[in-house]
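Content type compact mmCIF, C-alpha atoms and all ligand atoms, from the file structure-v9.txt:
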# COMPACT_ATOMS: atom_id res chain seq x y z
CA MET A 1 -9.26 7.83 14.06
CA LYS A 2 -12.16 6.13 12.37
CA TYR A 3 -12.35 2.42 11.59
CA ARG A 4 -13.72 0.40 8.69
CA THR A 5 -14.44 -3.30 8.30
CA LEU A 6 -11.73 -5.18 6.40
CA GLY A 7 -14.02 -7.22 4.19
CA ARG A 8 -14.84 -10.74 5.32
CA THR A 9 -12.04 -10.81 7.90
CA GLY A 10 -14.52 -8.81 9.99
CA TRP A 11 -11.65 -6.83 11.52
CA GLN A 12 -12.22 -3.19 12.33
CA VAL A 13 -9.13 -1.44 11.03
CA SER A 14 -8.04 2.17 11.18
CA GLU A 15 -8.89 3.96 7.95
CA ILE A 16 -5.40 5.42 8.00
CA SER A 17 -3.04 2.55 8.62
CA PHE A 18 0.75 2.18 8.44
CA GLY A 19 2.87 1.18 5.46
CA ALA A 20 6.13 -0.29 6.73
CA TRP A 21 8.24 -0.49 3.58
CA ALA A 22 10.31 2.64 4.25
CA ILE A 23 11.23 1.50 7.77
CA GLY A 24 12.65 -1.66 6.23
CA GLY A 25 14.78 -0.34 3.38
CA SER A 26 14.94 0.99 -0.22
CA TRP A 27 14.08 4.54 0.91
CA GLY A 28 17.47 5.87 2.01
CA THR A 29 18.58 5.63 5.64
CA VAL A 30 15.93 5.32 8.34
CA SER A 31 17.36 4.70 11.82
CA ASP A 32 15.93 2.02 14.11
CA ASP A 33 15.06 4.77 16.59
CA ASP A 34 13.02 6.73 14.03
CA ALA A 35 11.33 3.60 12.74
CA ILE A 36 10.36 2.46 16.23
CA ALA A 37 9.18 5.93 17.23
CA ALA A 38 7.08 6.18 14.04
CA LEU A 39 5.37 2.87 14.84
CA HIS A 40 4.69 3.86 18.46
CA LYS A 41 3.26 7.21 17.38
CA ALA A 42 0.98 5.52 14.86
CA LEU A 43 -0.32 3.09 17.50
CA ASP A 44 -0.74 5.93 20.02
CA LEU A 45 -3.02 7.67 17.49
CA GLY A 46 -5.27 4.64 17.04
CA ILE A 47 -3.66 2.99 14.02
CA ASN A 48 -4.19 -0.75 14.41
CA PHE A 49 -3.17 -2.17 11.03
CA ILE A 50 0.37 -2.40 9.66
CA ASP A 51 1.37 -3.50 6.18
CA THR A 52 4.82 -5.01 5.70
CA ALA A 53 6.59 -7.67 3.63
CA ASP A 54 9.28 -10.28 4.17
CA VAL A 55 11.53 -8.47 1.70
CA TYR A 56 11.37 -4.97 3.24
CA GLY A 57 14.96 -4.62 4.43
CA ASP A 58 15.18 -8.42 4.06
CA GLY A 59 13.02 -8.87 7.17
CA ARG A 60 14.09 -5.75 9.09
CA SER A 61 10.62 -4.21 8.80
CA GLU A 62 8.92 -7.35 10.17
CA ARG A 63 11.43 -7.61 13.02
CA LEU A 64 11.02 -3.96 14.04
CA ILE A 65 7.25 -4.39 14.08
CA ALA A 66 7.58 -7.48 16.30
CA GLN A 67 9.85 -5.54 18.65
CA VAL A 68 7.37 -2.66 18.98
CA LEU A 69 4.32 -4.91 19.39
CA LYS A 70 6.01 -6.62 22.37
CA GLU A 71 5.85 -3.28 24.15
CA ARG A 72 2.15 -2.73 23.37
CA SER A 73 -1.01 -4.30 24.71
CA GLU A 74 -3.64 -3.23 22.15
CA GLU A 75 -4.73 -5.52 19.33
CA VAL A 76 -2.83 -4.72 16.15
CA TYR A 77 -3.22 -6.56 12.85
CA VAL A 78 -0.10 -7.13 10.78
CA ALA A 79 -0.34 -7.90 7.08
CA THR A 80 2.79 -9.25 5.45
CA LYS A 81 3.56 -10.53 1.96
CA ALA A 82 5.20 -13.50 0.33
CA GLY A 83 6.73 -14.18 -3.06
CA ARG A 84 9.31 -11.51 -3.68
CA ARG A 85 12.14 -13.51 -2.17
CA LEU A 86 12.03 -15.55 -5.36
CA ASN A 87 14.93 -14.92 -7.68
CA PRO A 88 14.10 -15.08 -10.51
CA HIS A 89 10.60 -13.90 -9.63
CA VAL A 90 8.59 -16.35 -11.76
CA ALA A 91 5.14 -17.93 -11.46
CA GLU A 92 6.60 -21.44 -11.00
CA GLY A 93 8.24 -20.22 -7.81
CA TYR A 94 4.83 -19.80 -6.16
CA ASN A 95 4.82 -23.46 -5.16
CA ARG A 96 4.13 -25.24 -1.88
CA GLU A 97 7.75 -25.55 -0.80
CA ASN A 98 8.60 -21.89 -1.36
CA LEU A 99 5.39 -20.38 0.00
CA THR A 100 5.63 -22.55 3.10
CA ALA A 101 9.25 -21.49 3.64
CA PHE A 102 8.38 -17.79 3.22
CA VAL A 103 5.53 -18.07 5.71
CA GLU A 104 7.74 -19.90 8.22
CA ARG A 105 10.34 -17.13 7.94
CA SER A 106 7.72 -14.39 8.48
CA LEU A 107 6.40 -16.28 11.51
CA LYS A 108 9.91 -16.12 12.97
CA ASN A 109 10.49 -12.48 12.05
CA LEU A 110 7.13 -11.41 13.45
CA ASP A 111 7.60 -13.75 16.42
CA THR A 112 4.09 -15.16 16.28
CA ASP A 113 2.31 -18.51 15.91
CA ALA A 114 -0.04 -17.43 13.12
CA LEU A 115 0.22 -14.58 10.61
CA ASP A 116 -2.86 -12.32 10.51
CA LEU A 117 -2.86 -11.71 6.76
CA VAL A 118 -0.46 -12.86 4.04
CA GLN A 119 -0.65 -11.21 0.63
CA LEU A 120 0.84 -12.70 -2.51
CA HIS A 121 3.35 -9.98 -3.33
CA CYS A 122 2.56 -8.75 -6.85
CA PRO A 123 3.05 -12.19 -8.39
CA PRO A 124 3.43 -12.58 -12.14
CA THR A 125 0.05 -12.35 -13.90
CA ALA A 126 0.20 -16.08 -14.72
CA CYS A 127 -0.25 -16.93 -11.01
CA TYR A 128 -3.82 -15.63 -11.10
CA TYR A 129 -4.63 -18.38 -13.58
CA GLN A 130 -3.21 -21.15 -11.36
CA PRO A 131 -5.82 -22.25 -8.80
CA GLU A 132 -3.19 -24.47 -7.18
CA VAL A 133 -1.42 -21.35 -5.84
CA PHE A 134 -4.59 -20.37 -3.98
CA GLY A 135 -5.04 -23.99 -2.88
CA ILE A 136 -1.63 -23.83 -1.19
CA MET A 137 -2.72 -20.67 0.64
CA ASP A 138 -5.93 -22.46 1.72
CA ASP A 139 -3.79 -25.27 3.13
CA LEU A 140 -1.63 -22.79 5.07
CA VAL A 141 -4.84 -21.38 6.62
CA GLN A 142 -6.00 -24.92 7.38
CA ALA A 143 -2.66 -25.65 9.05
CA GLY A 144 -3.12 -22.60 11.30
CA LYS A 145 -0.02 -20.82 9.95
CA ILE A 146 -2.02 -17.90 8.56
CA LYS A 147 -5.44 -16.51 9.48
CA HIS A 148 -6.37 -14.93 6.16
CA TYR A 149 -4.78 -14.28 2.82
CA GLY A 150 -5.10 -11.71 0.07
CA ILE A 151 -3.27 -10.34 -2.92
CA SER A 152 -1.20 -7.29 -3.66
CA VAL A 153 -1.53 -6.46 -7.34
CA GLU A 154 0.00 -4.21 -9.95
CA LYS A 155 -2.93 -4.11 -12.35
CA VAL A 156 -6.70 -3.74 -12.10
CA GLU A 157 -7.04 -6.81 -14.34
CA GLU A 158 -5.10 -8.92 -11.84
CA ALA A 159 -7.33 -7.69 -9.03
CA LEU A 160 -10.47 -8.60 -10.96
CA LYS A 161 -9.13 -12.09 -11.66
CA GLY A 162 -7.79 -12.61 -8.13
CA ILE A 163 -11.10 -11.92 -6.40
CA GLU A 164 -12.65 -14.83 -8.28
CA TYR A 165 -10.90 -17.03 -5.68
CA HIS A 166 -13.35 -17.05 -2.83
CA ASN A 167 -10.81 -17.14 -0.01
CA VAL A 168 -8.99 -14.04 -1.21
CA LYS A 169 -10.18 -11.60 1.47
CA THR A 170 -8.16 -8.49 0.61
CA VAL A 171 -6.66 -6.69 -2.35
CA GLN A 172 -3.87 -4.18 -2.05
CA ILE A 173 -3.64 -1.83 -5.02
CA ILE A 174 -2.15 1.56 -5.86
CA PHE A 175 -4.92 4.11 -5.43
CA ASN A 176 -4.32 7.81 -5.02
CA MET A 177 -5.02 11.19 -6.65
CA PHE A 178 -2.72 10.06 -9.50
CA ARG A 179 -4.29 6.60 -9.91
CA HIS A 180 -8.07 6.66 -10.39
CA ARG A 181 -8.71 3.56 -12.44
CA PRO A 182 -9.39 1.11 -9.57
CA SER A 183 -12.49 3.19 -8.72
CA GLU A 184 -14.11 2.50 -12.08
CA LEU A 185 -14.94 -1.21 -12.29
CA PHE A 186 -12.82 -2.90 -9.65
CA PHE A 187 -14.27 -1.19 -6.56
CA LYS A 188 -17.81 -2.18 -7.53
CA GLU A 189 -16.80 -5.82 -8.12
CA ALA A 190 -14.81 -5.93 -4.88
CA GLN A 191 -17.67 -4.49 -2.87
CA SER A 192 -20.08 -7.07 -4.23
CA ARG A 193 -17.74 -9.78 -2.84
CA MET A 194 -17.00 -7.94 0.44
CA ILE A 195 -13.29 -7.66 -0.31
CA GLY A 196 -11.13 -5.47 1.93
CA ILE A 197 -9.16 -2.92 -0.07
CA LEU A 198 -5.81 -1.50 1.01
CA ALA A 199 -4.91 1.68 -0.89
CA ARG A 200 -1.15 1.59 -1.22
CA VAL A 201 1.28 4.31 -2.29
CA PRO A 202 -1.41 6.84 -1.32
CA LEU A 203 1.13 9.69 -1.37
CA ALA A 204 2.65 8.70 -4.74
CA SER A 205 5.97 7.96 -2.97
CA GLY A 206 5.94 11.39 -1.34
CA LEU A 207 5.10 13.45 -4.44
CA LEU A 208 1.62 14.05 -3.03
CA THR A 209 3.05 15.79 0.02
CA GLY A 210 4.00 18.88 -1.98
CA LYS A 211 7.53 18.95 -0.56
CA MET A 212 9.36 17.92 -3.71
CA SER A 213 10.79 20.10 -6.44
CA LYS A 214 12.87 19.80 -9.60
CA GLN A 215 15.92 20.19 -7.36
CA SER A 216 15.06 17.32 -4.98
CA THR A 217 17.67 14.58 -4.78
CA PHE A 218 17.44 11.06 -3.40
CA ALA A 219 20.01 8.71 -1.87
CA ASP A 220 21.50 5.96 -4.02
CA ASP A 221 19.63 3.31 -2.01
CA ASP A 222 16.27 5.12 -2.38
CA HIS A 223 14.04 3.60 -5.10
CA ARG A 224 13.08 7.12 -6.11
CA LYS A 225 16.62 7.22 -7.48
CA PHE A 226 17.39 3.63 -8.45
CA ASN A 227 13.96 2.68 -9.83
CA ARG A 228 12.98 5.96 -11.49
CA HIS A 229 12.59 4.13 -14.81
CA GLY A 230 11.62 0.69 -13.51
CA GLU A 231 15.19 -0.64 -13.37
CA ALA A 232 14.59 -2.83 -10.29
CA PHE A 233 10.80 -3.45 -10.17
CA ASP A 234 7.57 -2.17 -11.72
CA VAL A 235 7.98 1.54 -12.38
CA GLY A 236 4.40 2.04 -11.17
CA GLU A 237 5.65 1.60 -7.57
CA THR A 238 7.83 4.71 -7.85
CA PHE A 239 5.89 8.00 -7.97
CA SER A 240 2.95 5.83 -9.14
CA GLY A 241 4.58 5.69 -12.57
CA VAL A 242 3.86 9.39 -13.18
CA PRO A 243 6.75 11.26 -14.85
CA TYR A 244 8.33 13.26 -12.03
CA GLU A 245 8.00 16.75 -13.49
CA THR A 246 4.42 16.12 -14.62
CA GLY A 247 3.66 15.07 -11.06
CA LEU A 248 5.18 18.30 -9.73
CA ASP A 249 2.95 20.38 -12.03
CA ALA A 250 -0.14 18.45 -10.95
CA VAL A 251 0.77 18.94 -7.28
CA GLU A 252 0.89 22.73 -7.79
CA GLU A 253 -2.72 22.60 -9.04
CA ILE A 254 -3.70 20.59 -5.98
CA ARG A 255 -1.96 23.16 -3.78
CA SER A 256 -4.12 25.88 -5.30
CA ILE A 257 -7.29 24.31 -3.85
CA LEU A 258 -5.83 23.19 -0.52
CA PRO A 259 -8.11 24.09 2.43
CA GLU A 260 -6.51 26.15 5.18
CA GLY A 261 -4.69 24.28 7.91
CA VAL A 262 -4.48 21.04 5.93
CA THR A 263 -1.28 19.58 4.48
CA ILE A 264 -1.19 18.24 0.94
CA ALA A 265 -0.43 14.78 2.36
CA GLN A 266 -3.53 14.92 4.55
CA PHE A 267 -5.66 16.17 1.67
CA ALA A 268 -4.39 13.37 -0.57
CA LEU A 269 -5.05 10.72 2.07
CA ARG A 270 -8.54 12.04 2.82
CA TRP A 271 -9.33 11.81 -0.90
CA THR A 272 -8.69 8.04 -0.90
CA LEU A 273 -11.18 7.70 1.97
CA MET A 274 -13.92 9.34 -0.09
CA PHE A 275 -14.41 5.92 -1.69
CA ASP A 276 -16.48 3.54 0.45
CA ALA A 277 -14.84 0.53 -1.17
CA VAL A 278 -11.48 1.53 0.33
CA THR A 279 -10.96 -0.01 3.75
CA CYS A 280 -7.81 1.90 4.56
CA ALA A 281 -4.93 3.85 3.11
CA ILE A 282 -1.49 2.60 4.13
CA PRO A 283 0.87 5.58 3.83
CA GLY A 284 4.51 4.95 4.60
CA ALA A 285 6.04 7.01 7.40
CA LYS A 286 9.71 7.28 8.34
CA ASN A 287 9.35 9.18 11.59
CA PRO A 288 6.73 10.13 14.23
CA LYS A 289 6.01 13.51 12.63
CA GLN A 290 4.96 11.90 9.34
CA ALA A 291 2.94 9.21 11.12
CA GLU A 292 1.10 11.90 13.06
CA ASP A 293 0.49 14.16 10.06
CA ASN A 294 -0.96 11.21 8.16
CA ALA A 295 -3.12 9.88 11.01
CA TYR A 296 -4.95 13.19 11.36
CA SER A 297 -6.30 13.01 7.82
CA SER A 298 -8.98 10.64 9.15
CA ASP A 299 -10.46 13.61 11.04
CA LEU A 300 -10.78 15.93 8.04
CA PRO A 301 -14.20 16.80 6.60
CA ALA A 302 -15.38 15.07 3.43
CA PHE A 303 -14.45 16.60 0.06
CA THR A 304 -17.09 18.76 -1.60
CA ALA A 305 -18.39 17.78 -5.04
CA GLU A 306 -16.44 20.73 -6.38
CA GLN A 307 -13.18 19.54 -4.83
CA MET A 308 -13.75 16.02 -6.16
CA ALA A 309 -14.35 17.43 -9.63
CA LYS A 310 -11.17 19.47 -9.46
CA ILE A 311 -9.06 16.43 -8.52
CA ARG A 312 -10.68 14.56 -11.39
CA TYR A 313 -9.80 17.42 -13.71
CA ILE A 314 -6.18 17.44 -12.53
CA TYR A 315 -5.98 13.68 -13.09
CA ASP A 316 -7.50 13.89 -16.55
CA HIS A 317 -5.46 16.90 -17.56
CA TYR A 318 -1.99 15.99 -16.23
CA VAL A 319 -1.75 12.34 -15.33
CA ARG A 320 -4.26 10.15 -17.11
CA ASP A 321 -2.33 9.68 -20.36
CA SER A 322 0.73 8.30 -18.59
CA VAL A 323 -0.99 5.83 -16.24
CA HIS A 324 -4.62 5.03 -17.05
CA HIS A 325 -4.06 2.34 -19.69
CA ARG A 326 -1.06 0.78 -17.88
CA TRP A 327 -2.34 -0.21 -14.48
N1 LIG A 401 4.14 -4.24 -4.16
C1 LIG A 401 3.59 -3.92 -3.02
O1 LIG A 401 2.85 -4.68 -2.47
C2 LIG A 401 3.85 -2.57 -2.44
C3 LIG A 401 4.53 -1.60 -3.18
C4 LIG A 401 4.66 -0.33 -2.66
C5 LIG A 401 4.16 -0.03 -1.40
N2 LIG A 401 3.52 -1.01 -0.67
C6 LIG A 401 2.97 -0.73 0.66
O2 LIG A 401 2.30 0.52 0.65
C7 LIG A 401 2.88 1.40 1.64
C8 LIG A 401 2.77 2.84 1.20
O3 LIG A 401 3.41 3.06 -0.03
P1 LIG A 401 4.84 3.76 -0.13
O4 LIG A 401 5.48 3.74 1.22
O5 LIG A 401 5.53 3.11 -1.28
O6 LIG A 401 4.51 5.22 -0.60
P2 LIG A 401 3.69 6.45 0.02
O7 LIG A 401 2.93 6.01 1.20
O8 LIG A 401 2.96 7.05 -1.12
O9 LIG A 401 4.87 7.45 0.41
C9 LIG A 401 5.59 7.25 1.60
C10 LIG A 401 6.74 8.25 1.73
O10 LIG A 401 6.29 9.58 1.66
C11 LIG A 401 7.00 10.38 2.63
N3 LIG A 401 5.98 10.83 3.60
C12 LIG A 401 5.06 10.09 4.23
N4 LIG A 401 4.25 10.83 5.01
C13 LIG A 401 4.68 12.09 4.87
C14 LIG A 401 4.27 13.31 5.42
N5 LIG A 401 3.23 13.38 6.25
N6 LIG A 401 4.93 14.44 5.08
C15 LIG A 401 5.97 14.39 4.23
N7 LIG A 401 6.41 13.26 3.67
C16 LIG A 401 5.79 12.11 3.99
C17 LIG A 401 8.05 9.48 3.24
O11 LIG A 401 9.28 9.50 2.49
P3 LIG A 401 10.29 10.75 2.47
O12 LIG A 401 10.19 11.47 3.76
O13 LIG A 401 11.63 10.16 2.19
O14 LIG A 401 9.84 11.58 1.29
C18 LIG A 401 7.41 8.12 3.07
O15 LIG A 401 8.34 7.06 3.07
C19 LIG A 401 4.32 0.86 1.77
O16 LIG A 401 4.94 1.30 2.96
C20 LIG A 401 4.06 -0.63 1.73
O17 LIG A 401 3.58 -1.07 2.98
C21 LIG A 401 3.36 -2.25 -1.18
Let me see whether you can do it: turn the structure in this file into structure tokens.
Amino acid sequence: MKYRTLGRTGWQVSEISFGAWAIGGSWGTVSDDDAIAALHKALDLGINFIDTADVYGDGRSERLIAQVLKERSEEVYVATKAGRRLNPHVAEGYNRENLTAFVERSLKNLDTDALDLVQLHCPPTACYYQPEVFGIMDDLVQAGKIKHYGISVEKVEEALKGIEYHNVKTVQIIFNMFRHRPSELFFKEAQSRMIGILARVPLASGLLTGKMSKQSTFADDDHRKFNRHGEAFDVGETFSGVPYETGLDAVEEIRSILPEGVTIAQFALRWTLMFDAVTCAIPGAKNPKQAEDNAYSSDLPAFTAEQMAKIRYIYDHYVRDSVHHRW
């Protein structure tokens, strides 16, 4: 495992880290045993950064992480998120009372005195134009409740606006073989401010593993079934917003250039690491086998210029029209 500096936090974090949404909920059934084993496997392989949120399984993900970390001695950074407990999810909800209550609840779930990193959880765009929201986060740092804060965004425009607030240390954004736009302007701007970047949904919700087909089915409580058209939250979070069958066709092209002995998931993850601005990818994993498969992508050789060009071609040819202007 290789490590990169997470912006101005100064932390050295594993370039493949762990996304803990699926071990919380909304991805079909994942047993506690599998979730715990996946986390242990990730830590055994040198992963030292975990991304979660207070809403993943209504706190289950945070509590499982706390349970596992009690059994470990190495330093592990845990990033959580706040805001999505709001119902309705509106900008006015990002006020002192609510944010403080969300942070207090995550402190309990994670069983700690101070949260390492709290990300505003894809707040409405209006929040980025309200300095008072960021002032509240500053006060929570001042009070010792959180060490650093950042933002998780839907759109490149939100990321560009958010990093104008000096104390925003990290940005989490969808970046994968099916989402190239962050690498155009945003990465350059983020690098000039030493912002840590977390590449989320790096496997396009599992599409970029090559295991799916037209016949694949998903459980009722899996967002790949219930949010296929954005019924519950932004459709960009499910298969990166790429129409499913288009994604399958694009994956077949990727398969045709896959180096020997490498899985499509590993190839997709290694691609995200080709960009220096990216601090880490945070693939979700539901069991130890997936965690292990993903961790090894850090050891793969760099892409050749030819391979990079081919991925760009696949993006332009299959995917660009459905995503590029939206996020
Ligand atoms: N709004 C936000 O802030 C937000 C939104 C989305 C995600 N995130 C964060 O980003 C993380 C990653 O995104 P994601 O979990 O949505 O999507 P992802 O990482 O693109 O896909 C994860 C899913 O792919 C499958 N998978 C993973 N590794 C695999 C492997 N090696 N082989 C085969 N299948 C594999 C698993 O599901 P199956 O086995 O069921 O296919 C897994 O749950 C999340 O866990 C969360 O921490 C944040």
Select from chain A every residue with an atom at most 7 Å from any atom of ligand LIG 401 (chain A), then for each give the shortest pair of atoms and their distance in Å to one decimal, using all atoms listed in the file, rows by chain and rising number, as a tab-separated table.
residue	atom	partner	partner_atom	distance
A:Phe18	CA	A:LIG401	O16	7.0
A:Gly19	CA	A:LIG401	O16	3.2
A:Ala20	CA	A:LIG401	O16	4.3
A:Trp21	CA	A:LIG401	O16	3.8
A:Ala22	CA	A:LIG401	O15	5.0
A:Trp27	CA	A:LIG401	O13	6.3
A:Asp51	CA	A:LIG401	O17	4.6
A:Thr52	CA	A:LIG401	O17	4.9
A:His121	CA	A:LIG401	O1	5.4
A:Cys122	CA	A:LIG401	N1	5.5
A:Ser152	CA	A:LIG401	O1	5.0
A:Val153	CA	A:LIG401	O1	6.8
A:Gln172	CA	A:LIG401	O1	6.8
A:Arg200	CA	A:LIG401	O2	4.1
A:Val201	CA	A:LIG401	O3	3.3
A:Pro202	CA	A:LIG401	O8	4.4
A:Leu203	CA	A:LIG401	O8	3.2
A:Ala204	CA	A:LIG401	O8	4.0
A:Ser205	CA	A:LIG401	O9	3.6
A:Gly206	CA	A:LIG401	O10	3.5
A:Thr209	CA	A:LIG401	C15	5.3
A:Lys211	CA	A:LIG401	C15	6.8
A:Glu237	CA	A:LIG401	C4	5.4
A:Ala265	CA	A:LIG401	N5	5.5
A:Ile282	CA	A:LIG401	C7	5.2
A:Pro283	CA	A:LIG401	O7	3.4
A:Gly284	CA	A:LIG401	O4	3.7
A:Ala285	CA	A:LIG401	C12	4.5
A:Lys286	CA	A:LIG401	O15	5.4
A:Lys289	CA	A:LIG401	N5	7.0
A:Gln290	CA	A:LIG401	N5	3.8
A:Ala291	CA	A:LIG401	N5	6.4
A:Asp293	CA	A:LIG401	N5	4.8
A:Asn294	CA	A:LIG401	N5	5.1
Could you write out the selected residues, including C-alpha atoms, as a PDB file, in the coordinates of the input?
ATOM      1  CA  PHE A  18       0.750   2.180   8.440  1.00  0.00           C
ATOM      2  CA  GLY A  19       2.870   1.180   5.460  1.00  0.00           C
ATOM      3  CA  ALA A  20       6.130  -0.290   6.730  1.00  0.00           C
ATOM      4  CA  TRP A  21       8.240  -0.490   3.580  1.00  0.00           C
ATOM      5  CA  ALA A  22      10.310   2.640   4.250  1.00  0.00           C
ATOM      6  CA  TRP A  27      14.080   4.540   0.910  1.00  0.00           C
ATOM      7  CA  ASP A  51       1.370  -3.500   6.180  1.00  0.00           C
ATOM      8  CA  THR A  52       4.820  -5.010   5.700  1.00  0.00           C
ATOM      9  CA  HIS A 121       3.350  -9.980  -3.330  1.00  0.00           C
ATOM     10  CA  CYS A 122       2.560  -8.750  -6.850  1.00  0.00           C
ATOM     11  CA  SER A 152      -1.200  -7.290  -3.660  1.00  0.00           C
ATOM     12  CA  VAL A 153      -1.530  -6.460  -7.340  1.00  0.00           C
ATOM     13  CA  GLN A 172      -3.870  -4.180  -2.050  1.00  0.00           C
ATOM     14  CA  ARG A 200      -1.150   1.590  -1.220  1.00  0.00           C
ATOM     15  CA  VAL A 201       1.280   4.310  -2.290  1.00  0.00           C
ATOM     16  CA  PRO A 202      -1.410   6.840  -1.320  1.00  0.00           C
ATOM     17  CA  LEU A 203       1.130   9.690  -1.370  1.00  0.00           C
ATOM     18  CA  ALA A 204       2.650   8.700  -4.740  1.00  0.00           C
ATOM     19  CA  SER A 205       5.970   7.960  -2.970  1.00  0.00           C
ATOM     20  CA  GLY A 206       5.940  11.390  -1.340  1.00  0.00           C
ATOM     21  CA  THR A 209       3.050  15.790   0.020  1.00  0.00           C
ATOM     22  CA  LYS A 211       7.530  18.950  -0.560  1.00  0.00           C
ATOM     23  CA  GLU A 237       5.650   1.600  -7.570  1.00  0.00           C
ATOM     24  CA  ALA A 265      -0.430  14.780   2.360  1.00  0.00           C
ATOM     25  CA  ILE A 282      -1.490   2.600   4.130  1.00  0.00           C
ATOM     26  CA  PRO A 283       0.870   5.580   3.830  1.00  0.00           C
ATOM     27  CA  GLY A 284       4.510   4.950   4.600  1.00  0.00           C
ATOM     28  CA  ALA A 285       6.040   7.010   7.400  1.00  0.00           C
ATOM     29  CA  LYS A 286       9.710   7.280   8.340  1.00  0.00           C
ATOM     30  CA  LYS A 289       6.010  13.510  12.630  1.00  0.00           C
ATOM     31  CA  GLN A 290       4.960  11.900   9.340  1.00  0.00           C
ATOM     32  CA  ALA A 291       2.940   9.210  11.120  1.00  0.00           C
ATOM     33  CA  ASP A 293       0.490  14.160  10.060  1.00  0.00           C
ATOM     34  CA  ASN A 294      -0.960  11.210   8.160  1.00  0.00           C
TER      35      ASN A 294
END
Legend entry - Atomic distance CA of Phe102 (chain A) - CA of Leu115 (chain A), expressed in Å with one decimal: 11.5 Å
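Interatomic distance, CA of Asp299 (chain A) against CA of Ile174 (chain A): 22.4 Å.
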Enclose region 259-267 of chain A, meaning all of its atoms listed in the file, in a box aligned along x, y and z, pad it by 6 Å on each side, and list the centre and edge lengths in Å to one decimal, as lines of an AutoDock Vina configuration file.
center_x = -4.3
center_y = 20.5
center_z = 4.4
size_x = 19.7
size_y = 23.4
size_z = 19.0
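Of the listed residues (A:Met137, A:Ala101, A:Ala219, A:Val68), A:Met137 comes nearest to Val118 (chain A); the distances count all atoms listed in the file.
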Legend entry - Exercise: Ala277 (chain A) partners within 12 Å, only C-alpha atoms, chain neighbours under 5 positions left out, as a ChimeraX atom specification: /A:4-7,15,170-172,175,182-199,272
Inset, instruction - Would you kindly return, as a ChimeraX atom specification, each protein, DNA or RNA residue with an atom no farther than 12 Å from any atom of region 82-90 of chain A, considering all atoms listed in the file and excluding same-chain residues fewer than 2 positions away? - result: /A:52-59,79-80,92-107,115,117-127,133,137,146,149-152,232-233
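The residue that comes closest to Ile254 (chain A), out of A:Glu75, A:Ala159, A:Trp327, A:Tyr315 and on the basis of only C-alpha atoms, is A:Tyr315.
The gap separating CA of Asn287 (chain A) from CA of Asp34 (chain A) is 5.0 Å, in Å to one decimal.
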Legend entry - Exercise: Ser297 (chain A) partners within 8 Å, all atoms listed in the file, chain neighbours under 6 positions left out, as a count of residues only: 5
Inset, instruction - Using only C-alpha atoms, find the one residue out of A:Gln67, A:Asn176, A:Thr112, A:Ser213 that sits nearest to Asp249 (chain A). - result: A:Ser213
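The closest residue to Met1 (chain A), picked from A:Ile36, A:Ile257, A:Leu43, A:Leu69 and counting only C-alpha atoms, is A:Leu43.
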